[in-house]
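A.B. asks: Got a structure here, written out as structure tokens. Questions coming.
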Amino acid sequence: MALTALHPRWRGRPGPALSGPPADRGPNDPRLDWWRKARFGMFIHFGLYSIPGGEWNGSFVGSHEWMRNNAKIPHEEYVRLVRQFNPTELDVDAIVQLARAAGQKYIVITTKHHEGFALFDSRYSEYDVMATPYRRDIMRQFAESCRRHGLQLGWYYSIMDWYHSDYLPRRDWESRDATGASFDRYVRFMHAQLTELLTNYGDIAVVWFDGQWEATWSHAFGQATYDLCRRLQPGAIVNNRVDVKPAGGDDRTLGAGMAGDYSTPELEVPARGLPGQDWETCMTMNDNWGYAKDDNNWKSPTRLIGLLVETASKGGNLLLNIGPTGTGRVPQPSIDGLTAMGAWLQVNGDAIYGTQASLIESPYCRTTTQGRVVNVFVERWRPGQLPLDGLKGVPLRAELLADREVQVPLRQANGTLSLELPEQAPDPVCSVIRIEFEAPPTAATDGLG
Ligand code: GLC
């Protein structure tokens, strides 16, 4: 729907009826199988906020997709960005191919962030991409391209909405009157938009909610929203942020009784993983989600590969973010980092995809497990003995994953298995040694994840 006025008083149409199958998730739910094997996905933050890139009236306001809130930008001023939204450099196919070359198996993209602007063609909002000079449904392009290149696709959708006149609470600095606003009607609007997103674009693998922490959201809304997603896309998985945290819980983990399928620790890899849960760490490549003109604090390829190894070794996924510019260009350091990760995964991917958490915790290395195989990741290579304390089993052979012709000597002394690392690290960033055991190894103590 096109933007007809800059002061919309749209009040929402009735959403779909809310009857759905009861949530049937469980620890072995096969819906999560592909995702558990995937281990690595791309997060994309794109919206009106990508245009200013954090700069408003000459100063930088921090946490850029939050800029409307942080700089207390009046509604009438912020919505003017709609007229400037024209990402002519956006090449969706190139982004999907970048993800694929990086070894990422899925993409989660913001369909609507906290600012409330829809990057898809929505009948239920005039604050959408069709109201911009660009006038093309960005989600449709991603759906088609992901299908073409064999990646799974997920929608990020913010429950909090700073634009919609029915969303409550208003920011305390907002001058727009909240008289007559109805949160129930807002939820119907949300469900109507979700219905569009989950029926008009083919199979959607993930629904990734956010912005659930304000007092108006409730467990009942969370459960109804989860059920709606499952009814419209029975195979989809939904993150924990669809629901409110239970008393004493935190926003990032899936508590008992909550709707949702997996936990989403943010900007951190939990020290020991999240035992018993499926989880995904979402992470920025610099210090911002949305494009940030003033942020050059890019993580090095070594650090990024280290993060992927760390999450996999603790049994989790890594959802690594890019924030394209307002014109749709992916910042070069993001391209460079992802390309380096892809090159490393080309050689070492077997030690990441489809693996389980480490059986042991070691100061010298990280490991992943896969049946009879333990993959040992060495980031700080020191020739000589590398002890694998606590790992129990009868090893058959150890070889470099980069060159399986090269055997790595193994030793057993006083019940401790050690590798004898050669002089040269096969990989300057992180080398992987693959140990095959006679039977699935076990551990003397609790592992990770
Ligand atoms: C937070 C922020 C948001 C970001 C998200 C990513 O909840 O509010 O800006 O999109 O985390 O995990």
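FYI, nothing fancy with the structure tokens labels: chains A, B, ... in order, residues from 1 per chain, ligands from 1 as they appear.
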Could you list, as an MDAnalysis selection string, all protein and nucleic acid residues with an atom at most 9 Å from ligand 1, counting only C-alpha atoms and all ligand atoms?
C.D. replies: chainID A and resid 43 45 63:66 110 113:114 156 158 210:213 241 264:267 281:284 288:290 321
A.B. asks: I'd like to know which residues of range 96-173 of chain A are strand (DSSP E) (by DSSP, run on the backbone); could you write them as a PyMOL selection string?
C.D. replies: chain A and resi 106-112+152-158
A.B. asks: Identify which of the residues A:Pro428, A:Asp295, A:Ala443, A:Arg372 lies closest to Leu388 in chain A, counting only C-alpha atoms when measuring atom-to-atom distances.
C.D. replies: A:Ala443
A.B. asks: Can you tell me which residues surround Glu436 in chain A at a distance of at most 12 Å, considering only C-alpha atoms, apart from same-chain residues fewer than 3 positions away, and format the answer as a PyMOL selection string?
C.D. replies: chain A and resi 369-376+393-401+404+407-408+410+433+439-441
A.B. asks: What are the closest atom pairs, with distances in Å to one decimal, for all residues of range 293-321 of chain A lying within 9 Å of range 333-344 of chain A? Consider only C-alpha atoms, order rows by chain and residue number, and present the result as JSON lines.
C.D. replies:
{"residue": "A:Asn296", "atom": "CA", "partner": "A:Pro333", "partner_atom": "CA", "distance": 8.8}
{"residue": "A:Trp298", "atom": "CA", "partner": "A:Pro333", "partner_atom": "CA", "distance": 6.9}
{"residue": "A:Lys299", "atom": "CA", "partner": "A:Gly337", "partner_atom": "CA", "distance": 7.9}
{"residue": "A:Ser300", "atom": "CA", "partner": "A:Gly337", "partner_atom": "CA", "distance": 6.8}
{"residue": "A:Pro301", "atom": "CA", "partner": "A:Gly337", "partner_atom": "CA", "distance": 5.0}
{"residue": "A:Thr302", "atom": "CA", "partner": "A:Met341", "partner_atom": "CA", "distance": 8.6}
{"residue": "A:Leu304", "atom": "CA", "partner": "A:Gly337", "partner_atom": "CA", "distance": 7.3}
{"residue": "A:Ile305", "atom": "CA", "partner": "A:Met341", "partner_atom": "CA", "distance": 6.0}
{"residue": "A:Leu308", "atom": "CA", "partner": "A:Met341", "partner_atom": "CA", "distance": 8.9}
{"residue": "A:Asn321", "atom": "CA", "partner": "A:Ser334", "partner_atom": "CA", "distance": 8.7}
A.B. asks: Measuring between only C-alpha atoms, which one of A:Arg252, A:Arg303, A:Arg170, A:Arg136 shows the shortest distance to Glu214 in chain A?
C.D. replies: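 Closest to Glu214 in chain A, using only C-alpha atoms: A:Arg170.
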A.B. asks: Pick out the closest residue to Gly326 in chain A from this set: A:Ser50, A:Lys245, A:Gln412, A:Gly41. Count only C-alpha atoms.
C.D. replies: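 Counting only C-alpha atoms, the residue closest to Gly326 in chain A is A:Ser50.
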A.B. asks: Just the residues within 9 Å of Ala312 in chain A, please, counting only C-alpha atoms, with nothing from its chain fewer than 2 positions along; format it as a ChimeraX atom specification.
C.D. replies: /A:39-40,307-310,314-318,351-353,355-358,367-368,449
A.B. asks: Residues of the last selection are to be written out with C-alpha atoms, as a JSON list (two decimals), in the first residue's frame.
C.D. replies:
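Here's the written file part10.json:
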[["chain", "number", "residue", "atom", "x", "y", "z"],
["A", 39, "ARG", "CA", 25.64, -24.04, 12.53],
["A", 40, "PHE", "CA", 26.16, -20.77, 10.63],
["A", 307, "LEU", "CA", 33.69, -17.17, 17.23],
["A", 308, "LEU", "CA", 32.31, -19.77, 14.84],
["A", 309, "VAL", "CA", 34.57, -22.44, 16.31],
["A", 310, "GLU", "CA", 33.62, -21.39, 19.83],
["A", 314, "LYS", "CA", 29.62, -25.34, 22.69],
["A", 315, "GLY", "CA", 26.79, -26.82, 20.63],
["A", 316, "GLY", "CA", 25.31, -23.60, 19.25],
["A", 317, "ASN", "CA", 24.79, -21.72, 16.00],
["A", 318, "LEU", "CA", 26.30, -18.39, 14.96],
["A", 351, "ALA", "CA", 34.50, -30.13, 11.63],
["A", 352, "ILE", "CA", 31.69, -27.57, 12.05],
["A", 353, "TYR", "CA", 28.54, -28.63, 10.16],
["A", 355, "THR", "CA", 28.75, -31.68, 14.75],
["A", 356, "GLN", "CA", 27.94, -31.72, 18.45],
["A", 357, "ALA", "CA", 29.40, -29.87, 21.41],
["A", 358, "SER", "CA", 32.80, -30.66, 22.84],
["A", 367, "THR", "CA", 36.75, -29.53, 19.95],
["A", 368, "THR", "CA", 33.55, -30.72, 18.30],
["A", 449, "GLY", "CA", 26.78, -27.29, 25.35]]
A.B. asks: In Å, with one decimal, what is the gap from CA of Phe117 in chain A to CA of Val330 in chain A?
C.D. replies: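 CA of Val330 in chain A lies 20.3 Å from CA of Phe117 in chain A.
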A.B. asks: Could you list, with a cut-off of 6 Å and counting only C-alpha atoms, the residues of range 112-222 of chain A near range 85-89 of chain A, each shown with its nearest atom pair and the distance in Å rounded to one decimal, rows sorted by chain and ascending number, as a Markdown table?
C.D. replies:
| residue | atom | partner | partner_atom | distance |
| --- | --- | --- | --- | --- |
| A:Thr132 | CA | A:Phe85 | CA | 5.7 |
| A:Pro133 | CA | A:Asn86 | CA | 5.6 |
| A:Tyr134 | CA | A:Asn86 | CA | 4.6 |
A.B. asks: So that I can check the surroundings of Tyr163 in chain A, please list as a PyMOL selection string every protein, DNA and RNA residue that reaches within 10 Å of it, counting only C-alpha atoms and ignoring chain neighbours fewer than 4 positions away.
C.D. replies: chain A and resi 8+75+78-79+114-117+127+167+170
A.B. asks: Since we have the selection now, will you write its residues out, keeping all heavy atoms, as an mmCIF file, in the first residue's frame?
C.D. replies:
data_model
loop_
_atom_site.group_PDB
_atom_site.id
_atom_site.type_symbol
_atom_site.label_atom_id
_atom_site.label_comp_id
_atom_site.auth_asym_id
_atom_site.auth_seq_id
_atom_site.Cartn_x
_atom_site.Cartn_y
_atom_site.Cartn_z
ATOM 1 N N PRO A 8 -0.162 9.147 9.415
ATOM 2 C CA PRO A 8 -1.171 8.115 9.263
ATOM 3 C C PRO A 8 -1.993 7.932 10.528
ATOM 4 O O PRO A 8 -1.481 8.053 11.623
ATOM 5 C CB PRO A 8 -0.354 6.869 8.983
ATOM 6 C CG PRO A 8 0.969 7.165 9.562
ATOM 7 C CD PRO A 8 1.179 8.622 9.443
ATOM 8 N N HIS A 75 8.113 11.835 15.175
ATOM 9 C CA HIS A 75 7.481 10.989 14.178
ATOM 10 C C HIS A 75 7.513 11.630 12.788
ATOM 11 O O HIS A 75 7.961 11.019 11.818
ATOM 12 C CB HIS A 75 6.036 10.757 14.649
ATOM 13 C CG HIS A 75 5.187 10.001 13.700
ATOM 14 N ND1 HIS A 75 5.231 8.628 13.613
ATOM 15 C CD2 HIS A 75 4.262 10.421 12.801
ATOM 16 C CE1 HIS A 75 4.365 8.238 12.687
ATOM 17 N NE2 HIS A 75 3.765 9.301 12.192
ATOM 18 N N TYR A 78 10.998 11.634 11.266
ATOM 19 C CA TYR A 78 11.582 10.323 10.945
ATOM 20 C C TYR A 78 10.934 9.718 9.709
ATOM 21 O O TYR A 78 11.625 9.167 8.851
ATOM 22 C CB TYR A 78 11.452 9.383 12.156
ATOM 23 C CG TYR A 78 12.300 8.133 12.008
ATOM 24 C CD1 TYR A 78 13.662 8.151 12.322
ATOM 25 C CD2 TYR A 78 11.754 6.930 11.565
ATOM 26 C CE1 TYR A 78 14.456 7.018 12.184
ATOM 27 C CE2 TYR A 78 12.533 5.791 11.428
ATOM 28 C CZ TYR A 78 13.885 5.829 11.744
ATOM 29 O OH TYR A 78 14.655 4.703 11.606
ATOM 30 N N VAL A 79 9.603 9.834 9.606
ATOM 31 C CA VAL A 79 8.930 9.187 8.479
ATOM 32 C C VAL A 79 9.326 9.799 7.128
ATOM 33 O O VAL A 79 9.119 9.180 6.089
ATOM 34 C CB VAL A 79 7.380 9.166 8.617
ATOM 35 C CG1 VAL A 79 6.969 8.332 9.809
ATOM 36 C CG2 VAL A 79 6.802 10.561 8.693
ATOM 37 N N HIS A 114 12.311 -2.213 14.943
ATOM 38 C CA HIS A 114 11.542 -1.438 15.927
ATOM 39 C C HIS A 114 10.940 -0.164 15.326
ATOM 40 O O HIS A 114 9.914 0.315 15.786
ATOM 41 C CB HIS A 114 12.422 -1.039 17.118
ATOM 42 C CG HIS A 114 13.161 -2.179 17.769
ATOM 43 N ND1 HIS A 114 12.735 -3.478 17.721
ATOM 44 C CD2 HIS A 114 14.320 -2.187 18.504
ATOM 45 C CE1 HIS A 114 13.590 -4.249 18.392
ATOM 46 N NE2 HIS A 114 14.559 -3.492 18.869
ATOM 47 N N GLU A 115 11.568 0.388 14.301
ATOM 48 C CA GLU A 115 11.068 1.629 13.694
ATOM 49 C C GLU A 115 9.695 1.438 13.041
ATOM 50 O O GLU A 115 8.997 2.403 12.758
ATOM 51 C CB GLU A 115 12.068 2.147 12.653
ATOM 52 C CG GLU A 115 12.202 1.193 11.464
ATOM 53 C CD GLU A 115 13.176 1.644 10.381
ATOM 54 O OE1 GLU A 115 13.823 2.686 10.531
ATOM 55 O OE2 GLU A 115 13.287 0.907 9.377
ATOM 56 N N GLY A 116 9.309 0.184 12.762
ATOM 57 C CA GLY A 116 7.960 -0.089 12.248
ATOM 58 C C GLY A 116 7.822 -0.134 10.733
ATOM 59 O O GLY A 116 6.755 -0.467 10.214
ATOM 60 N N PHE A 117 8.880 0.178 10.012
ATOM 61 C CA PHE A 117 8.828 0.240 8.546
ATOM 62 C C PHE A 117 8.956 -1.176 7.960
ATOM 63 O O PHE A 117 9.864 -1.918 8.315
ATOM 64 C CB PHE A 117 9.967 1.143 8.050
ATOM 65 C CG PHE A 117 10.117 1.170 6.556
ATOM 66 C CD1 PHE A 117 9.242 1.883 5.762
ATOM 67 C CD2 PHE A 117 11.156 0.473 5.941
ATOM 68 C CE1 PHE A 117 9.377 1.912 4.380
ATOM 69 C CE2 PHE A 117 11.309 0.492 4.561
ATOM 70 C CZ PHE A 117 10.410 1.206 3.780
ATOM 71 N N TYR A 127 3.250 2.291 5.613
ATOM 72 C CA TYR A 127 4.642 2.586 5.959
ATOM 73 C C TYR A 127 5.475 1.392 5.502
ATOM 74 O O TYR A 127 5.960 0.608 6.301
ATOM 75 C CB TYR A 127 4.701 2.762 7.475
ATOM 76 C CG TYR A 127 5.932 3.398 8.055
ATOM 77 C CD1 TYR A 127 6.512 4.545 7.516
ATOM 78 C CD2 TYR A 127 6.494 2.873 9.220
ATOM 79 C CE1 TYR A 127 7.613 5.136 8.097
ATOM 80 C CE2 TYR A 127 7.594 3.466 9.814
ATOM 81 C CZ TYR A 127 8.150 4.591 9.245
ATOM 82 O OH TYR A 127 9.241 5.181 9.836
ATOM 83 N N TYR A 167 0.334 0.793 18.838
ATOM 84 C CA TYR A 167 1.342 0.159 19.686
ATOM 85 C C TYR A 167 1.482 0.934 20.993
ATOM 86 O O TYR A 167 1.532 2.161 21.011
ATOM 87 C CB TYR A 167 2.714 0.072 18.991
ATOM 88 C CG TYR A 167 3.689 -0.630 19.897
ATOM 89 C CD1 TYR A 167 3.703 -2.024 19.975
ATOM 90 C CD2 TYR A 167 4.517 0.095 20.754
ATOM 91 C CE1 TYR A 167 4.534 -2.677 20.870
ATOM 92 C CE2 TYR A 167 5.354 -0.553 21.651
ATOM 93 C CZ TYR A 167 5.351 -1.938 21.704
ATOM 94 O OH TYR A 167 6.161 -2.585 22.603
ATOM 95 N N ARG A 170 3.754 4.159 24.349
ATOM 96 C CA ARG A 170 4.483 5.153 23.561
ATOM 97 C C ARG A 170 5.823 5.396 24.242
ATOM 98 O O ARG A 170 5.926 5.283 25.458
ATOM 99 C CB ARG A 170 3.735 6.496 23.568
ATOM 100 C CG ARG A 170 2.499 6.530 22.731
ATOM 101 C CD ARG A 170 2.833 6.949 21.300
ATOM 102 N NE ARG A 170 1.610 7.292 20.605
ATOM 103 C CZ ARG A 170 0.749 6.397 20.123
ATOM 104 N NH1 ARG A 170 0.981 5.104 20.238
ATOM 105 N NH2 ARG A 170 -0.353 6.792 19.515
#
A.B. asks: Just how far from CA of Tyr106 in chain A is CA of Gln152 in chain A, in Å to one decimal?
C.D. replies: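 CA of Gln152 in chain A sits 4.5 Å away from CA of Tyr106 in chain A.
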